[in-house]
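Colleague: Sharing coords03.txt, compact mmCIF, C-alpha atoms:
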```
# COMPACT_ATOMS: atom_id res chain seq x y z
CA MET V 1 120.49 94.24 82.74
CA ARG V 2 122.91 96.90 83.91
CA ILE V 3 124.12 97.20 87.50
CA ASP V 4 125.52 100.29 89.18
CA TYR V 5 126.39 100.69 92.84
CA SER V 6 127.85 103.10 95.36
CA ALA V 7 128.80 103.32 99.02
CA CYS V 8 129.50 106.00 101.60
CA PHE V 9 130.10 106.56 105.27
CA VAL V 10 126.94 107.13 107.29
CA THR V 11 127.00 110.65 108.68
CA ASP V 12 125.03 112.12 111.55
CA GLY V 13 125.30 115.65 110.15
CA SER V 14 122.44 118.01 110.85
CA GLY V 15 122.02 118.66 107.12
CA LEU V 16 120.79 115.15 106.28
CA ARG V 17 117.12 115.86 106.90
CA GLU V 18 117.26 119.03 104.82
CA ARG V 19 118.94 117.18 101.95
CA VAL V 20 116.29 114.46 101.93
CA GLU V 21 113.52 117.04 102.07
CA SER V 22 115.12 118.99 99.23
CA GLU V 23 115.52 115.97 96.94
CA ARG V 24 111.99 114.86 97.78
CA GLU V 25 110.69 117.77 95.70
CA ASN V 26 112.15 116.13 92.57
CA TYR V 27 110.01 113.00 92.94
CA ASN V 28 106.44 112.14 92.06
CA PRO V 29 104.04 113.09 94.91
CA VAL V 30 102.84 109.47 95.04
CA CYS V 31 106.21 108.64 96.68
CA GLU V 32 105.08 110.48 99.81
CA SER V 33 104.76 107.33 101.95
CA TYR V 34 108.30 106.27 101.01
CA PHE V 35 109.75 109.61 102.14
CA ASN V 36 107.55 109.79 105.23
CA GLU V 37 108.88 106.41 106.33
CA ILE V 38 112.48 107.64 106.04
CA LEU V 39 111.80 110.97 107.74
CA SER V 40 109.85 109.37 110.59
CA ARG V 41 112.91 107.46 111.74
CA ARG V 42 115.08 108.79 114.51
CA ASN V 43 118.75 108.90 115.43
CA GLU V 44 120.96 106.23 113.86
CA ALA V 45 118.10 104.57 111.95
CA PHE V 46 117.30 107.88 110.25
CA CYS V 47 120.95 108.59 109.39
CA GLU V 48 121.34 105.15 107.80
CA SER V 49 118.13 105.42 105.80
CA ALA V 50 118.85 108.98 104.70
CA CYS V 51 122.35 108.10 103.48
CA GLY V 52 120.97 105.05 101.67
CA PHE V 53 118.39 107.21 99.91
CA LEU V 54 120.97 109.83 98.92
CA LEU V 55 123.14 107.09 97.38
CA LEU V 56 120.10 105.86 95.45
CA ASP V 57 119.22 109.38 94.36
CA GLY V 58 122.76 109.85 93.06
CA LEU V 59 122.54 106.61 91.07
CA PHE V 60 119.23 107.70 89.53
CA LEU V 61 120.84 110.96 88.42
CA LYS V 62 124.01 109.27 87.15
CA ASN V 63 121.97 106.86 85.03
CA GLY V 64 119.61 109.44 83.58
CA ILE V 65 116.48 108.28 85.43
CA ASN V 66 113.65 110.83 85.49
CA ARG V 67 112.83 110.89 89.18
CA ALA V 68 109.55 112.75 88.61
CA GLU V 69 108.17 109.70 86.77
CA LEU V 70 109.14 107.14 89.41
CA ILE V 71 106.65 105.55 91.77
CA ILE V 72 108.45 104.30 94.89
CA ALA V 73 106.45 102.58 97.61
CA HIS V 74 106.62 99.56 99.90
CA ASP V 75 105.50 96.02 99.13
CA GLU V 76 103.60 93.75 101.52
CA LYS V 77 106.86 92.94 103.32
CA ASN V 78 107.66 96.65 103.71
CA ARG V 79 110.50 96.44 101.19
CA PRO V 80 110.84 99.69 99.21
CA LEU V 81 110.61 99.17 95.48
CA VAL V 82 110.01 101.00 92.21
CA TYR V 83 106.70 100.20 90.50
CA ASP V 84 108.47 99.57 87.20
CA ASP V 85 109.70 96.08 86.36
CA SER V 86 112.71 97.52 84.53
CA ILE V 87 114.11 99.18 87.68
CA ASP V 88 115.06 97.62 91.00
CA PHE V 89 117.29 98.69 93.87
CA SER V 90 118.60 97.42 97.17
CA VAL V 91 120.13 99.26 100.13
CA SER V 92 122.18 97.88 103.02
CA HIS V 93 123.89 99.40 106.07
CA SER V 94 126.46 98.17 108.55
CA GLU V 95 128.18 100.02 111.38
CA GLY V 96 128.98 103.25 109.63
CA CYS V 97 128.71 102.20 105.99
CA ALA V 98 125.79 102.51 103.56
CA PHE V 99 125.70 100.56 100.29
CA CYS V 100 123.24 100.86 97.42
CA VAL V 101 122.85 99.00 94.13
CA LEU V 102 120.64 99.93 91.17
CA ALA V 103 119.53 97.46 88.48
CA LEU V 104 118.25 98.62 85.09
CA ALA V 105 116.73 95.98 82.82
CA GLU V 106 116.55 96.20 79.05
CA ASN V 107 114.62 94.51 76.23
CA GLY V 108 111.63 93.55 78.34
CA GLU V 109 113.68 91.95 81.11
CA LYS V 110 112.68 92.24 84.75
CA ALA V 111 115.20 93.90 87.03
CA GLN V 112 115.97 91.94 90.21
CA VAL V 113 118.77 92.73 92.61
CA GLY V 114 119.74 92.42 96.27
CA CYS V 115 122.78 93.60 98.19
CA ASP V 116 124.35 93.30 101.59
CA VAL V 117 127.29 94.98 103.30
CA GLN V 118 128.86 93.90 106.59
CA TYR V 119 131.55 95.42 108.75
CA ALA V 120 134.22 92.80 109.42
CA ARG V 121 133.97 92.49 113.18
CA ASP V 122 136.96 91.07 114.97
CA TYR V 123 135.42 87.76 115.99
CA SER V 124 137.50 85.17 117.79
CA PRO V 125 138.13 81.97 115.78
CA GLU V 126 135.74 80.12 118.09
CA LYS V 127 132.95 82.69 117.71
CA MET V 128 133.36 82.82 113.93
CA ALA V 129 133.19 79.01 113.70
CA GLU V 130 130.06 78.99 115.90
CA LEU V 131 128.33 81.57 113.70
CA ALA V 132 129.42 79.77 110.53
CA ARG V 133 127.77 76.56 111.70
CA ALA V 134 124.59 78.52 112.44
CA PHE V 135 124.01 79.88 108.92
CA MET V 136 126.15 77.97 106.40
CA ASN V 137 125.10 74.84 104.56
CA GLU V 138 127.48 71.87 104.33
CA LYS V 139 129.16 73.04 101.13
CA GLU V 140 129.71 76.57 102.46
CA LEU V 141 130.93 75.30 105.82
CA SER V 142 133.49 73.07 104.09
CA ALA V 143 134.71 76.01 102.01
CA PHE V 144 134.97 78.16 105.13
CA GLU V 145 136.84 75.55 107.15
CA ASN V 146 139.35 75.01 104.35
CA ALA V 147 139.86 78.69 103.55
CA SER V 148 143.27 80.22 104.21
CA ASP V 149 141.61 83.57 104.96
CA LYS V 150 138.69 82.66 107.17
CA THR V 151 137.58 86.27 107.71
CA ALA V 152 137.18 86.84 103.97
CA ALA V 153 135.41 83.49 103.55
CA PHE V 154 133.07 84.10 106.49
CA PHE V 155 131.93 87.57 105.50
CA GLY V 156 131.87 86.70 101.82
CA LEU V 157 129.49 83.80 102.44
CA TRP V 158 127.42 85.79 104.92
CA THR V 159 126.86 88.70 102.53
CA ARG V 160 126.10 86.34 99.63
CA ARG V 161 123.28 84.75 101.62
CA GLU V 162 121.79 88.01 102.80
CA ALA V 163 122.00 89.62 99.34
CA TYR V 164 120.20 86.62 97.83
CA ILE V 165 117.48 86.62 100.49
CA LYS V 166 116.83 90.31 99.94
CA ARG V 167 116.62 89.86 96.16
CA ALA V 168 114.30 86.87 96.48
CA GLY V 169 112.07 88.65 99.01
CA LEU V 170 112.47 85.88 101.60
CA ASP V 171 112.15 86.14 105.36
CA ILE V 172 115.70 86.65 106.62
CA PHE V 173 114.89 85.02 109.96
CA GLY V 174 113.17 81.97 108.51
CA SER V 175 115.26 81.48 105.37
CA PHE V 176 118.81 82.50 106.18
CA LYS V 177 120.34 79.03 106.42
CA ASP V 178 117.86 77.03 104.35
CA ALA V 179 117.55 79.27 101.28
CA ASP V 180 118.46 77.49 98.02
CA MET V 181 120.70 79.98 96.22
CA SER V 182 121.21 77.90 93.07
CA ASP V 183 119.28 80.43 91.00
CA GLY V 184 121.54 83.32 92.02
CA ALA V 185 124.64 84.92 90.51
CA PHE V 186 126.87 86.95 92.79
CA SER V 187 129.62 89.54 92.79
CA GLY V 188 131.34 90.65 95.95
CA GLY V 189 134.30 92.56 97.26
CA VAL V 190 135.69 94.49 100.18
CA ILE V 191 135.78 98.22 100.86
CA HIS V 192 138.80 99.41 102.84
CA ALA V 193 137.97 102.68 104.58
CA SER V 194 139.52 104.49 107.55
CA GLY V 195 141.12 101.35 108.91
CA ARG V 196 137.94 99.30 108.55
CA ASP V 197 136.97 96.52 106.15
CA TYR V 198 133.42 96.21 104.84
CA TYR V 199 132.51 93.13 102.80
CA TYR V 200 129.70 93.37 100.28
CA ASN V 201 127.83 91.15 97.83
CA ILE V 202 125.36 91.76 95.03
CA SER V 203 122.88 89.10 93.90
CA VAL V 204 121.09 88.87 90.54
CA PRO V 205 119.26 85.92 88.92
CA SER V 206 121.60 83.23 87.59
CA GLU V 207 120.39 83.90 84.04
CA TYR V 208 122.54 87.04 84.13
CA ASN V 209 125.73 85.12 84.93
CA LYS V 210 127.09 85.87 81.46
CA PRO V 211 130.63 86.06 80.06
CA LYS V 212 132.68 88.89 81.49
CA GLU V 213 132.19 91.26 78.56
CA ASN V 214 128.39 91.00 79.01
CA ASN V 215 128.19 90.43 82.74
CA PRO V 216 126.13 93.14 84.49
CA LEU V 217 128.09 92.53 87.68
CA GLU V 218 131.44 93.39 86.11
CA ASN V 219 131.55 96.92 87.51
CA ASP V 220 134.66 98.72 88.73
CA THR V 221 134.51 100.40 92.11
CA GLU V 222 135.58 103.90 91.20
CA ASN V 223 132.25 105.26 92.38
CA LEU V 224 132.67 103.84 95.88
CA VAL V 225 133.19 106.69 98.30
CA GLY V 226 135.80 106.46 101.03
CA LYS V 227 137.78 103.44 99.85
```
Transcribe the structure of this file into structure tokens.
Modeller:
Amino acid sequence: MRIDYSACFVTDGSGLRERVESERENYNPVCESYFNEILSRRNEAFCESACGFLLLDGLFLKNGINRAELIIAHDEKNRPLVYDDSIDFSVSHSEGCAFCVLALAENGEKAQVGCDVQYARDYSPEKMAELARAFMNEKELSAFENASDKTAAFFGLWTRREAYIKRAGLDIFGSFKDADMSDGAFSGGVIHASGRDYYYNISVPSEYNKPKENNPLENDTENLVGK
């Protein structure tokens, strides 16, 4: 399985709607409900969704995916997905940043991926510790409490959990703390942009946690916009 990903600042430019409408023409008409859902959103929600789609569209083009053959719709949990087991994607947004990851499976594999990005808010030590106790398990909490850089540990562990939950299709409200992530492999980092830090994580099944030369998560970040 190959992984590619990209990020950008979320813009509120007036040209976003026109760009989405223009790219829509390159997709199979059966994707209509997917585009209608994006275009029906308003204000900030629309800007985030539109930027997430444009990142995804760019990754399709970069990786030679024929967009006219894709069927994109929503599953029973309203998660957008491609009706092709060899392709999966995940999109996340956080306070001005959009992040998208594309997974392409090979040799009959099933593509599975989830991602999360979070702006590193300036929490007080007390607030960060309170939030950590609310979502971390005992092992994670111990790692956080013993970390020399608690901000990096906090947001690293937070984004790992959310990326896993999105990949596994779990209920983020009911599963955030209790999810067993033993079957997940992860790769994370931080995007430094315009004086802000955004932490991100990507989750794939643990079976893809291969040596570095074959690891689908070993991807440089040259394609991240606005580092």
Colleague: At a cut-off of 10 Å, using all atoms listed in the file, what residues contact V:Phe35? Leave out same-chain residues fewer than 4 positions from it and give the result as an MDAnalysis selection string.
Modeller: chainID V and resid 20:21 24 27 29:31 39:40 50 53 72:73
Colleague: Convert the current residue selection to file output with C-alpha atoms, as a CSV table (one decimal), in the coordinates of the input.
Modeller:
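Result file is again31.csv:
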```csv
chain,number,residue,atom,x,y,z
V,20,VAL,CA,116.3,114.5,101.9
V,21,GLU,CA,113.5,117.0,102.1
V,24,ARG,CA,112.0,114.9,97.8
V,27,TYR,CA,110.0,113.0,92.9
V,29,PRO,CA,104.0,113.1,94.9
V,30,VAL,CA,102.8,109.5,95.0
V,31,CYS,CA,106.2,108.6,96.7
V,39,LEU,CA,111.8,111.0,107.7
V,40,SER,CA,109.8,109.4,110.6
V,50,ALA,CA,118.8,109.0,104.7
V,53,PHE,CA,118.4,107.2,99.9
V,72,ILE,CA,108.4,104.3,94.9
V,73,ALA,CA,106.4,102.6,97.6
```
Colleague: Name the residues in contact with stretch 165-172 of chain V at a cut-off of 10 Å, using all atoms listed in the file, excluding same-chain residues fewer than 5 positions from it; report them as an NGL selection string.
Modeller: :V and (75 or 77 or 79 or 88-92 or 112-116 or 159-160 or 177 or 179-181 or 183-184 or 202-205)
Colleague: Quick one: of V:Asn137, V:Ser22, V:Ser33, V:Thr11, who's nearest to V:Glu95, counting all atoms listed in the file?
Modeller: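 Of V:Asn137, V:Ser22, V:Ser33, V:Thr11, the one nearest V:Glu95, counting all atoms listed in the file, is V:Thr11.
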Colleague: Work out how far apart atom CA of V:Arg2 and atom CA of V:Phe60 are and give it in Å to one decimal.
Modeller: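 Distance between the two atoms: 12.7 Å.
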Colleague: Contacts of V:Glu106 at 12 Å or less, counting all atoms listed in the file, minus same-chain residues fewer than 6 places along, as a list of chain:residue names?
Modeller: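 In the requested form, the answer reads V:Met1, V:Arg2, V:Ile3, V:Asp84, V:Asp85, V:Ser86, V:Ile87, V:Gln112, V:Pro216.
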Colleague: With distances taken over only C-alpha atoms, which of V:Asp57, V:Asp149, V:Asp197, V:Glu130 is nearest to V:Asn26?
Modeller: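 Closest residue, counting only C-alpha atoms: V:Asp57.
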Colleague: Between atom CA of V:Leu70 and atom CA of V:Val82, measure the distance and give it in Å to one decimal.
Modeller: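 If I compute the distance from atom CA of V:Leu70 to atom CA of V:Val82, I get 6.8 Å.
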Colleague: Record the distance separating atom CA of V:Ala105 and atom CA of V:Ile65, expressed in Å with one decimal.
Modeller: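 Straight-line distance from atom CA of V:Ala105 to atom CA of V:Ile65 works out to 12.6 Å.
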Colleague: If you count only C-alpha atoms, which residues fall within 7 Å of V:Gln118, apart from same-chain ones fewer than 2 positions away, as a PyMOL selection string?
Modeller: chain V and resi 94+116+120+159+198-200
Colleague: In terms of the shortest atom-to-atom distance over only C-alpha atoms, which of V:Leu81, V:Leu157, V:Cys97, V:Ala163 is closest to V:Arg196?
Modeller: V:Cys97
Colleague: Pick from V:Glu37, V:Asn66, V:Gly96, V:Ala111: nearest to V:Asp12, with only C-alpha atoms counted?
Modeller: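 Using only C-alpha atoms, the shortest distance to V:Asp12 belongs to V:Gly96.
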Colleague: Using all atoms listed in the file for the distances, tell me which of V:Glu109, V:Glu69, V:Glu48, V:Glu32 is nearest to V:Gly13.
Modeller: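 Checking each candidate against V:Gly13, we get V:Glu48 as the closest.
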